[in-house]
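This is final.cif. It holds mmCIF, C-alpha atoms.
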```cif
data_data
loop_
_atom_site.label_atom_id
_atom_site.label_comp_id
_atom_site.auth_asym_id
_atom_site.auth_seq_id
_atom_site.Cartn_x
_atom_site.Cartn_y
_atom_site.Cartn_z
CA MET A 1 12.36 -40.19 -21.85
CA LYS A 2 8.81 -39.67 -23.03
CA PHE A 3 7.77 -42.77 -21.17
CA TYR A 4 9.18 -41.52 -17.88
CA PHE A 5 7.54 -38.20 -18.42
CA LEU A 6 4.16 -39.89 -18.89
CA LEU A 7 4.81 -41.95 -15.80
CA LEU A 8 5.45 -38.73 -13.92
CA LEU A 9 2.11 -37.37 -15.08
CA LEU A 10 0.42 -40.39 -13.59
CA SER A 11 2.15 -40.07 -10.27
CA PRO A 12 -0.49 -37.86 -8.60
CA MET A 13 -2.84 -40.83 -8.89
CA PHE A 14 -0.91 -42.56 -6.17
CA VAL A 15 -1.15 -39.73 -3.72
CA PHE A 16 -4.16 -39.83 -1.44
CA ALA A 17 -4.95 -37.15 1.08
CA LYS A 18 -6.60 -38.98 3.90
CA ASP A 19 -7.00 -37.77 7.42
CA SER A 20 -5.21 -39.83 10.04
CA PRO A 21 -7.34 -42.95 10.03
CA VAL A 22 -9.98 -42.76 12.70
CA GLN A 23 -10.19 -45.79 14.93
CA PHE A 24 -13.58 -47.07 15.84
CA GLU A 25 -14.10 -50.22 17.84
CA ASN A 26 -17.24 -50.92 15.93
CA ASN A 27 -17.27 -51.42 12.16
CA MET A 28 -20.72 -49.89 11.85
CA HIS A 29 -19.39 -46.77 13.51
CA ALA A 30 -16.59 -46.51 10.99
CA LEU A 31 -19.07 -46.86 8.10
CA LEU A 32 -21.40 -44.28 9.60
CA TYR A 33 -18.52 -41.85 10.08
CA ASP A 34 -17.40 -42.16 6.46
CA GLU A 35 -20.96 -41.75 5.25
CA ILE A 36 -21.68 -38.65 7.33
CA ILE A 37 -18.50 -36.72 6.61
CA ASP A 38 -19.09 -37.30 2.90
CA GLU A 39 -22.56 -35.79 3.07
CA ILE A 40 -21.88 -32.71 5.16
CA ARG A 41 -20.70 -29.51 3.55
CA CYS A 42 -17.80 -27.62 5.04
CA LEU A 43 -19.00 -24.04 5.44
CA VAL A 44 -15.52 -22.59 5.17
CA CYS A 45 -14.80 -24.07 1.74
CA GLN A 46 -18.33 -24.57 0.57
CA ASN A 47 -17.71 -26.91 -2.32
CA GLN A 48 -15.91 -29.43 -0.18
CA SER A 49 -17.37 -31.97 2.15
CA LEU A 50 -16.13 -32.42 5.70
CA ALA A 51 -14.22 -35.43 4.42
CA ASP A 52 -12.41 -33.38 1.77
CA SER A 53 -11.76 -30.22 3.67
CA ASN A 54 -8.78 -29.51 5.81
CA ALA A 55 -10.14 -26.24 7.19
CA PRO A 56 -9.79 -25.97 10.97
CA LEU A 57 -13.58 -25.89 11.33
CA ALA A 58 -13.88 -29.12 9.32
CA GLN A 59 -11.33 -30.76 11.60
CA ASP A 60 -13.24 -29.62 14.68
CA LEU A 61 -16.55 -30.83 13.29
CA ARG A 62 -15.05 -34.18 12.39
CA LYS A 63 -13.84 -34.47 15.98
CA GLU A 64 -17.30 -33.57 17.20
CA ILE A 65 -18.87 -36.20 14.92
CA ILE A 66 -16.41 -38.87 16.10
CA GLU A 67 -17.37 -38.14 19.71
CA MET A 68 -21.06 -38.32 18.89
CA ILE A 69 -20.65 -41.63 17.05
CA ARG A 70 -18.67 -43.06 19.97
CA THR A 71 -21.53 -42.16 22.28
CA ASP A 72 -23.87 -44.10 19.98
CA LYS A 73 -25.70 -41.19 18.42
CA ASN A 74 -27.41 -42.18 15.18
CA GLU A 75 -27.18 -40.54 11.78
CA ASN A 76 -30.29 -38.41 12.28
CA GLU A 77 -29.18 -37.11 15.65
CA ILE A 78 -25.78 -36.11 14.30
CA LYS A 79 -27.23 -34.45 11.21
CA SER A 80 -29.77 -32.51 13.21
CA PHE A 81 -27.01 -31.37 15.59
CA LEU A 82 -25.25 -29.83 12.59
CA VAL A 83 -28.41 -28.48 10.94
CA ASP A 84 -29.50 -26.83 14.21
CA ARG A 85 -26.29 -24.83 14.24
CA TYR A 86 -25.38 -24.29 10.61
CA GLY A 87 -28.69 -24.68 8.79
CA ASP A 88 -29.88 -26.97 5.98
CA PHE A 89 -27.05 -25.66 3.87
CA VAL A 90 -24.63 -28.11 5.51
CA LEU A 91 -26.53 -31.01 3.97
CA TYR A 92 -25.53 -31.87 0.44
CA ARG A 93 -28.96 -33.47 0.08
CA PRO A 94 -31.40 -30.92 1.48
CA PRO A 95 -34.69 -32.31 2.80
CA VAL A 96 -37.86 -31.82 0.76
CA GLN A 97 -39.77 -29.04 2.53
CA THR A 98 -41.69 -25.86 1.70
CA ASN A 99 -38.61 -23.82 0.79
CA THR A 100 -36.93 -26.58 -1.21
CA TRP A 101 -39.77 -28.20 -3.14
CA LEU A 102 -39.02 -26.04 -6.18
CA LEU A 103 -35.43 -27.20 -6.06
CA TRP A 104 -36.47 -30.83 -6.11
CA ALA A 105 -39.47 -30.52 -8.45
CA GLY A 106 -37.92 -27.86 -10.74
CA PRO A 107 -36.11 -30.22 -13.13
CA PHE A 108 -39.26 -32.30 -13.62
CA ILE A 109 -41.40 -29.21 -14.17
CA PHE A 110 -38.99 -28.02 -16.84
CA LEU A 111 -38.91 -31.48 -18.40
CA LEU A 112 -42.72 -31.53 -18.65
CA LEU A 113 -42.70 -27.99 -20.01
CA GLY A 114 -40.14 -28.96 -22.65
CA ILE A 115 -42.06 -32.07 -23.66
CA SER A 116 -45.34 -30.18 -23.99
CA ILE A 117 -43.73 -27.45 -26.11
CA ALA A 118 -42.15 -30.10 -28.32
CA VAL A 119 -45.45 -31.99 -28.69
CA PHE A 120 -47.28 -28.76 -29.48
CA LEU A 121 -44.77 -27.73 -32.13
CA ILE A 122 -44.60 -31.17 -33.72
CA ARG A 123 -48.40 -31.43 -33.89
CA LYS A 124 -48.67 -27.96 -35.36
CA GLN A 125 -46.04 -28.71 -37.97
CA THR A 126 -47.60 -32.03 -38.90
CA LYS A 127 -50.97 -30.34 -39.32
CA GLU A 128 -49.44 -27.64 -41.53
CA ASN A 129 -47.64 -30.25 -43.58
CA ILE A 130 -50.81 -32.25 -44.09
CA GLU A 131 -52.67 -29.15 -45.14
CA ALA A 132 -49.86 -28.21 -47.48
CA ILE A 133 -50.08 -31.64 -49.09
CA LYS A 134 -53.87 -31.36 -49.37
CA ASN A 135 -53.59 -27.96 -51.01
CA ASP A 136 -51.11 -29.30 -53.52
CA MET B 137 -44.30 -11.41 -34.21
CA TRP B 138 -44.46 -13.92 -31.28
CA ARG B 139 -41.94 -16.06 -32.99
CA TYR B 140 -39.26 -13.45 -32.46
CA SER B 141 -40.33 -11.81 -29.24
CA THR B 142 -40.69 -15.03 -27.20
CA PRO B 143 -36.97 -15.86 -27.11
CA LEU B 144 -36.25 -12.23 -26.40
CA LEU B 145 -38.64 -12.22 -23.45
CA PHE B 146 -37.08 -15.43 -22.14
CA PHE B 147 -33.67 -13.84 -22.42
CA ALA B 148 -34.81 -10.73 -20.57
CA GLY B 149 -36.23 -12.94 -17.81
CA LEU B 150 -32.93 -14.76 -17.48
CA VAL B 151 -31.02 -11.48 -17.30
CA ILE B 152 -33.26 -10.32 -14.45
CA LEU B 153 -32.72 -13.64 -12.63
CA PHE B 154 -28.96 -13.35 -13.07
CA ILE B 155 -28.88 -9.77 -11.78
CA PHE B 156 -30.65 -10.87 -8.62
CA GLY B 157 -28.54 -14.00 -8.38
CA LEU B 158 -25.30 -12.06 -8.57
CA LYS B 159 -26.28 -10.00 -5.57
CA ILE B 160 -26.65 -13.06 -3.36
CA ASP B 161 -23.47 -13.83 -1.46
CA PRO B 162 -23.20 -17.61 -1.05
CA GLY B 163 -20.67 -17.00 1.74
CA LYS B 164 -23.45 -15.66 3.94
CA VAL B 165 -25.54 -18.56 5.10
CA PRO B 166 -28.65 -17.61 7.08
CA SER B 167 -28.36 -18.84 10.64
CA PRO B 168 -30.98 -21.25 11.96
CA LEU B 169 -30.23 -19.87 15.42
CA ILE B 170 -32.12 -16.63 14.85
CA GLY B 171 -35.12 -16.52 17.18
CA LYS B 172 -33.63 -19.23 19.36
CA PRO B 173 -32.03 -18.89 22.79
CA ALA B 174 -28.29 -18.29 22.65
CA PRO B 175 -26.30 -21.43 23.46
CA ALA B 176 -25.46 -22.04 27.11
CA PHE B 177 -21.86 -22.18 28.29
CA GLU B 178 -19.60 -21.41 31.19
CA VAL B 179 -15.88 -20.98 30.60
CA SER B 180 -13.05 -18.90 31.99
CA THR B 181 -12.50 -15.39 30.74
CA VAL B 182 -9.53 -14.42 28.61
CA ASN B 183 -8.03 -11.96 31.07
CA ASN B 184 -8.44 -14.07 34.16
CA PRO B 185 -8.64 -17.87 34.18
CA THR B 186 -10.25 -17.81 37.64
CA ILE B 187 -13.16 -15.61 36.54
CA PHE B 188 -15.87 -17.30 34.51
CA LEU B 189 -18.37 -16.09 31.97
CA ASN B 190 -21.71 -17.83 32.09
CA SER B 191 -24.14 -17.42 29.20
CA ASN B 192 -26.77 -16.37 31.77
CA ASP B 193 -24.66 -13.30 32.56
CA ILE B 194 -25.44 -12.02 29.07
CA LYS B 195 -29.19 -11.94 29.70
CA GLY B 196 -31.16 -8.99 31.11
CA GLN B 197 -30.07 -6.39 28.60
CA VAL B 198 -29.85 -6.19 24.81
CA SER B 199 -26.27 -7.02 24.01
CA LEU B 200 -23.75 -7.82 21.31
CA VAL B 201 -21.81 -11.05 21.24
CA ASN B 202 -18.72 -10.79 19.09
CA ILE B 203 -16.61 -13.77 18.08
CA TRP B 204 -12.98 -12.72 17.76
CA ALA B 205 -9.42 -14.00 17.78
CA SER B 206 -5.99 -12.43 17.85
CA TRP B 207 -5.02 -14.46 14.75
CA CYS B 208 -7.93 -13.06 12.77
CA ALA B 209 -7.02 -10.16 10.51
CA ALA B 210 -10.60 -9.14 9.76
CA CYS B 211 -11.25 -8.85 13.51
CA LEU B 212 -8.68 -6.10 13.71
CA GLU B 213 -10.49 -4.35 10.87
CA GLU B 214 -13.76 -4.05 12.80
CA HIS B 215 -12.20 -3.66 16.23
CA PRO B 216 -12.03 0.17 16.37
CA LEU B 217 -15.78 0.27 15.70
CA LEU B 218 -16.50 -2.03 18.63
CA VAL B 219 -14.32 0.16 20.85
CA GLU B 220 -16.26 3.18 19.64
CA ILE B 221 -19.64 1.53 20.28
CA ASN B 222 -18.50 0.66 23.77
CA ASN B 223 -17.41 4.25 24.42
CA THR B 224 -20.54 5.83 22.95
CA PHE B 225 -23.47 3.63 23.86
CA ASN B 226 -24.65 1.84 26.93
CA LEU B 227 -24.56 -1.46 25.11
CA PRO B 228 -22.78 -4.42 26.66
CA ILE B 229 -20.47 -6.25 24.26
CA TYR B 230 -19.38 -9.74 25.17
CA GLY B 231 -16.53 -11.43 23.37
CA ILE B 232 -15.99 -15.04 22.52
CA ASN B 233 -12.31 -15.54 21.98
CA TYR B 234 -12.34 -18.28 19.37
CA LYS B 235 -9.54 -20.87 19.18
CA ASP B 236 -6.89 -18.54 20.43
CA ASN B 237 -3.86 -18.55 22.65
CA ARG B 238 -4.51 -16.83 25.96
CA ASN B 239 -1.31 -14.79 25.99
CA ASN B 240 -1.76 -13.62 22.42
CA ALA B 241 -5.35 -12.67 23.16
CA ILE B 242 -4.40 -10.65 26.25
CA LYS B 243 -1.66 -8.86 24.31
CA TRP B 244 -4.06 -8.16 21.45
CA LEU B 245 -6.62 -6.58 23.80
CA LYS B 246 -3.92 -4.50 25.47
CA SER B 247 -2.64 -3.04 22.24
CA HIS B 248 -5.97 -2.57 20.41
CA GLY B 249 -8.30 -1.77 23.30
CA ASN B 250 -10.81 -3.95 25.10
CA PRO B 251 -14.45 -3.12 24.31
CA TYR B 252 -15.73 -6.32 25.94
CA ARG B 253 -17.36 -6.61 29.34
CA LYS B 254 -15.92 -10.09 29.38
CA SER B 255 -14.47 -12.40 26.77
CA ALA B 256 -15.07 -16.11 27.03
CA PHE B 257 -11.93 -18.13 26.39
CA ASP B 258 -13.12 -20.68 23.84
CA GLU B 259 -9.83 -22.46 23.31
CA GLU B 260 -11.16 -25.47 21.41
CA GLY B 261 -13.87 -23.65 19.51
CA LYS B 262 -16.69 -25.54 21.25
CA ILE B 263 -18.76 -22.41 21.89
CA GLY B 264 -18.04 -21.44 18.31
CA ILE B 265 -19.66 -24.66 17.11
CA GLU B 266 -22.66 -24.06 19.39
CA TYR B 267 -23.04 -20.62 17.83
CA GLY B 268 -22.63 -22.05 14.32
CA VAL B 269 -19.58 -19.93 13.70
CA TYR B 270 -17.73 -20.52 10.44
CA GLY B 271 -16.15 -17.21 9.53
CA VAL B 272 -14.62 -15.10 12.28
CA PRO B 273 -15.43 -12.35 13.09
CA GLU B 274 -19.12 -12.87 13.65
CA THR B 275 -21.44 -10.64 15.61
CA PHE B 276 -24.75 -11.59 17.20
CA ILE B 277 -27.44 -9.36 18.67
CA LEU B 278 -29.12 -10.89 21.72
CA ASP B 279 -32.31 -9.50 23.19
CA LYS B 280 -33.05 -9.10 26.89
CA GLU B 281 -34.12 -12.71 27.21
CA GLY B 282 -30.90 -13.88 25.62
CA ILE B 283 -32.54 -14.84 22.34
CA ILE B 284 -30.48 -14.44 19.18
CA ARG B 285 -32.08 -11.80 16.96
CA TYR B 286 -29.45 -11.13 14.34
CA LYS B 287 -26.22 -12.54 13.03
CA HIS B 288 -23.57 -10.70 11.07
CA ILE B 289 -20.88 -12.73 9.34
CA GLY B 290 -17.53 -11.10 8.71
CA PRO B 291 -16.27 -7.71 9.87
CA ILE B 292 -18.89 -5.09 10.59
CA ASP B 293 -18.44 -1.63 9.10
CA ALA B 294 -19.86 1.79 9.93
CA VAL B 295 -22.75 1.32 7.49
CA ASP B 296 -23.77 -1.99 9.07
CA ILE B 297 -23.78 -0.35 12.48
CA GLU B 298 -25.82 2.64 11.40
CA LYS B 299 -28.26 0.89 9.05
CA THR B 300 -28.79 -2.45 10.76
CA ILE B 301 -27.27 -2.94 14.17
CA LEU B 302 -28.21 0.28 15.98
CA PRO B 303 -31.81 0.41 14.70
CA MET B 304 -32.28 -3.19 15.75
CA ILE B 305 -30.82 -2.54 19.19
CA ASN B 306 -33.05 0.50 19.67
CA GLN B 307 -36.06 -1.48 18.66
CA LEU B 308 -35.21 -4.42 20.93
CA SER B 309 -34.41 -2.11 23.86
CA SER B 310 -37.81 -0.42 23.58
CA ILE B 311 -39.57 -3.73 24.22
CA PRO B 312 -40.18 -3.83 27.96
#
```
Would you put the structure from the file into structure tokens?
Amino acid sequence: MKFYFLLLLLSPMFVFAKDSPVQFENNMHALLYDEIIDEIRCLVCQNQSLADSNAPLAQDLRKEIIEMIRTDKNENEIKSFLVDRYGDFVLYRPPVQTNTWLLWAGPFIFLLLGISIAVFLIRKQTKENIEAIKND
Amino acid sequence: MWRYSTPLLFFAGLVILFIFGLKIDPGKVPSPLIGKPAPAFEVSTVNNPTIFLNSNDIKGQVSLVNIWASWCAACLEEHPLLVEINNTFNLPIYGINYKDNRNNAIKWLKSHGNPYRKSAFDEEGKIGIEYGVYGVPETFILDKEGIIRYKHIGPIDAVDIEKTILPMINQLSSIP
């Protein structure tokens, strides 16, 4: 009984929600399509990519992307088509530019800040300890 | 003294950041189309498939472009305000009927009033994509040259009209 119950718990693993498979004549096109829809945010359900989302807008945009790929548009052309209409926000990997440099550099700035504070404190403590030993 | 006040200051800084952060609505994404010419299109109008609306028709006067659909509940919410604007001001309102069924759209306009000069019948949502629409209703202000000056996402309310939309329209209309 327990065993079957556990098996039941595993069953969702075998369910995959995939859109009706898109047919491309060219393998490169199929790869490009998969890559793009994974990297574009669906604006209706913002934490899903176009590949994940089943919102009507996501379906329409996927259709639009398929058409563009079939007419041999490249990745940059397709992405800029979307960015021109929906803004940088549709890209899961925003480009490095004046309004995003803090986003990209921020973690490293904080890392440096943390390291310098740690070094400062450790040095200070060591100095105090040495002096304490001397005074003893 | 510093030993105790530094964490406290950090904490206060974080609180201020959070207060500002909470006020930002991630659902409202700034449109890259602001300051750019409104997208070009020509499609049939909702009420009459033989009459067309061309995006050039919208130029020449400051106007509102409102994306609506009969299936959209929030559109109904803002609709009386659009009817009122149309009755009160000399401000052309153009509709883009987004991914709708023509009969439903005609019925909807009959029962709730039609504030639109013309409504473009955007059956497949292509114009919607050109306008970067992702949450109907959306309202755009276009200047005389047909350049997008403002975008409002979601239903407009009386405060939006009074505080943002009308002042902007007055300002844009005063430019010769």
**OP:** Select all residues from chain B having any atom no more than 10 Å from an atom of chain A (counting all atoms listed in the file, ignoring ligands), output as a list in words.
**Re:** Pro162, Gly163, Lys164, Val165, Pro166, Ser167, Pro168, Leu169, Pro175, Lys235, Glu260, Gly261, Lys262, Gly264, Ile265, Glu266, Tyr267, Gly268, Val269, Tyr270 and Gly271 of chain B
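Our summary of the geometry notes that atom CA of A:Glu131 is positioned 25.7 Å from atom CA of A:Gly114.
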**OP:** Return as a list in words the set of residues that the PyMOL selection byres ((chain B and resi 225-234) around 7) yields on the displayed structure.
**Re:**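 With the shown file as input, the PyMOL selection byres ((chain B and resi 225-234) around 7) matches Ser199, Leu200, Val201, Asn202, Ile203, Trp204, Ala205, Ile221, Asn222, Asn223, Thr224, Lys235, Asp236, Pro251, Tyr252, Arg253, Lys254, Ser255, Ala256, Phe257, Asp258, Glu259, Gly261 and Gly264 of chain B.
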Mind dumping the selected residues with C-alpha atoms as a PDB file, keeping the file's coordinate frame?
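Below is the file that was written, result-v3.pdb:
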```
ATOM      1  CA  SER B 199     -26.270  -7.020  24.010  1.00  0.00           C
ATOM      2  CA  LEU B 200     -23.750  -7.820  21.310  1.00  0.00           C
ATOM      3  CA  VAL B 201     -21.810 -11.050  21.240  1.00  0.00           C
ATOM      4  CA  ASN B 202     -18.720 -10.790  19.090  1.00  0.00           C
ATOM      5  CA  ILE B 203     -16.610 -13.770  18.080  1.00  0.00           C
ATOM      6  CA  TRP B 204     -12.980 -12.720  17.760  1.00  0.00           C
ATOM      7  CA  ALA B 205      -9.420 -14.000  17.780  1.00  0.00           C
ATOM      8  CA  ILE B 221     -19.640   1.530  20.280  1.00  0.00           C
ATOM      9  CA  ASN B 222     -18.500   0.660  23.770  1.00  0.00           C
ATOM     10  CA  ASN B 223     -17.410   4.250  24.420  1.00  0.00           C
ATOM     11  CA  THR B 224     -20.540   5.830  22.950  1.00  0.00           C
ATOM     12  CA  LYS B 235      -9.540 -20.870  19.180  1.00  0.00           C
ATOM     13  CA  ASP B 236      -6.890 -18.540  20.430  1.00  0.00           C
ATOM     14  CA  PRO B 251     -14.450  -3.120  24.310  1.00  0.00           C
ATOM     15  CA  TYR B 252     -15.730  -6.320  25.940  1.00  0.00           C
ATOM     16  CA  ARG B 253     -17.360  -6.610  29.340  1.00  0.00           C
ATOM     17  CA  LYS B 254     -15.920 -10.090  29.380  1.00  0.00           C
ATOM     18  CA  SER B 255     -14.470 -12.400  26.770  1.00  0.00           C
ATOM     19  CA  ALA B 256     -15.070 -16.110  27.030  1.00  0.00           C
ATOM     20  CA  PHE B 257     -11.930 -18.130  26.390  1.00  0.00           C
ATOM     21  CA  ASP B 258     -13.120 -20.680  23.840  1.00  0.00           C
ATOM     22  CA  GLU B 259      -9.830 -22.460  23.310  1.00  0.00           C
ATOM     23  CA  GLY B 261     -13.870 -23.650  19.510  1.00  0.00           C
ATOM     24  CA  GLY B 264     -18.040 -21.440  18.310  1.00  0.00           C
TER      25      GLY B 264
END
```
**OP:** Find, counting only C-alpha atoms, the residue in B:Trp207, B:Ser191, B:Leu144, B:Ile277 that gets nearest to B:Asn237.
**Re:** B:Trp207
Original post:
Smallest atom-to-atom distance to B:Ile305: which of B:Gln197, B:Asn250, B:Thr186, B:Thr181, using only C-alpha atoms?
Top reply: B:Gln197
**OP:** Can you work out the spacing between atom CA of B:Lys287 and atom CA of B:Thr275 in Å, to one decimal?
**Re:**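 That distance, rounded to one decimal, is 5.8 Å.
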**OP:** Run the PyMOL selection byres ((chain A and resi 22) around 12) on the file and write out the hits as a list in words.
**Re:**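 So the PyMOL selection byres ((chain A and resi 22) around 12) ends up selecting Lys18, Asp19, Ser20, Pro21, Gln23, Phe24, Glu25, Asn26, Asn27, His29, Ala30, Leu31, Leu32, Tyr33, Asp34, Ala51, Arg62, Lys63, Ile65, Ile66, Glu67, Ile69 and Arg70 of chain A.
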Original post:
In Å, with one decimal, what is the gap from atom CA of B:His288 to atom CA of A:Glu39?
Top reply: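 Between atom CA of B:His288 and atom CA of A:Glu39 the gap works out to 26.4 Å.
Residues matched by the PyMOL selection byres ((chain B and resi 311) around 12) in this structure: Gln197, Val198, Asp279, Lys280, Glu281, Met304, Ile305, Asn306, Gln307, Leu308, Ser309, Ser310 and Pro312 of chain B.
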Take the residues from that selection and put them in a file with C-alpha atoms, as an mmCIF file, keeping the file's coordinate frame.
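This went into out.cif:
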```cif
data_model
loop_
_atom_site.group_PDB
_atom_site.id
_atom_site.type_symbol
_atom_site.label_atom_id
_atom_site.label_comp_id
_atom_site.auth_asym_id
_atom_site.auth_seq_id
_atom_site.Cartn_x
_atom_site.Cartn_y
_atom_site.Cartn_z
ATOM 1 C CA GLN B 197 -30.070 -6.390 28.600
ATOM 2 C CA VAL B 198 -29.850 -6.190 24.810
ATOM 3 C CA ASP B 279 -32.310 -9.500 23.190
ATOM 4 C CA LYS B 280 -33.050 -9.100 26.890
ATOM 5 C CA GLU B 281 -34.120 -12.710 27.210
ATOM 6 C CA MET B 304 -32.280 -3.190 15.750
ATOM 7 C CA ILE B 305 -30.820 -2.540 19.190
ATOM 8 C CA ASN B 306 -33.050 0.500 19.670
ATOM 9 C CA GLN B 307 -36.060 -1.480 18.660
ATOM 10 C CA LEU B 308 -35.210 -4.420 20.930
ATOM 11 C CA SER B 309 -34.410 -2.110 23.860
ATOM 12 C CA SER B 310 -37.810 -0.420 23.580
ATOM 13 C CA PRO B 312 -40.180 -3.830 27.960
#
```
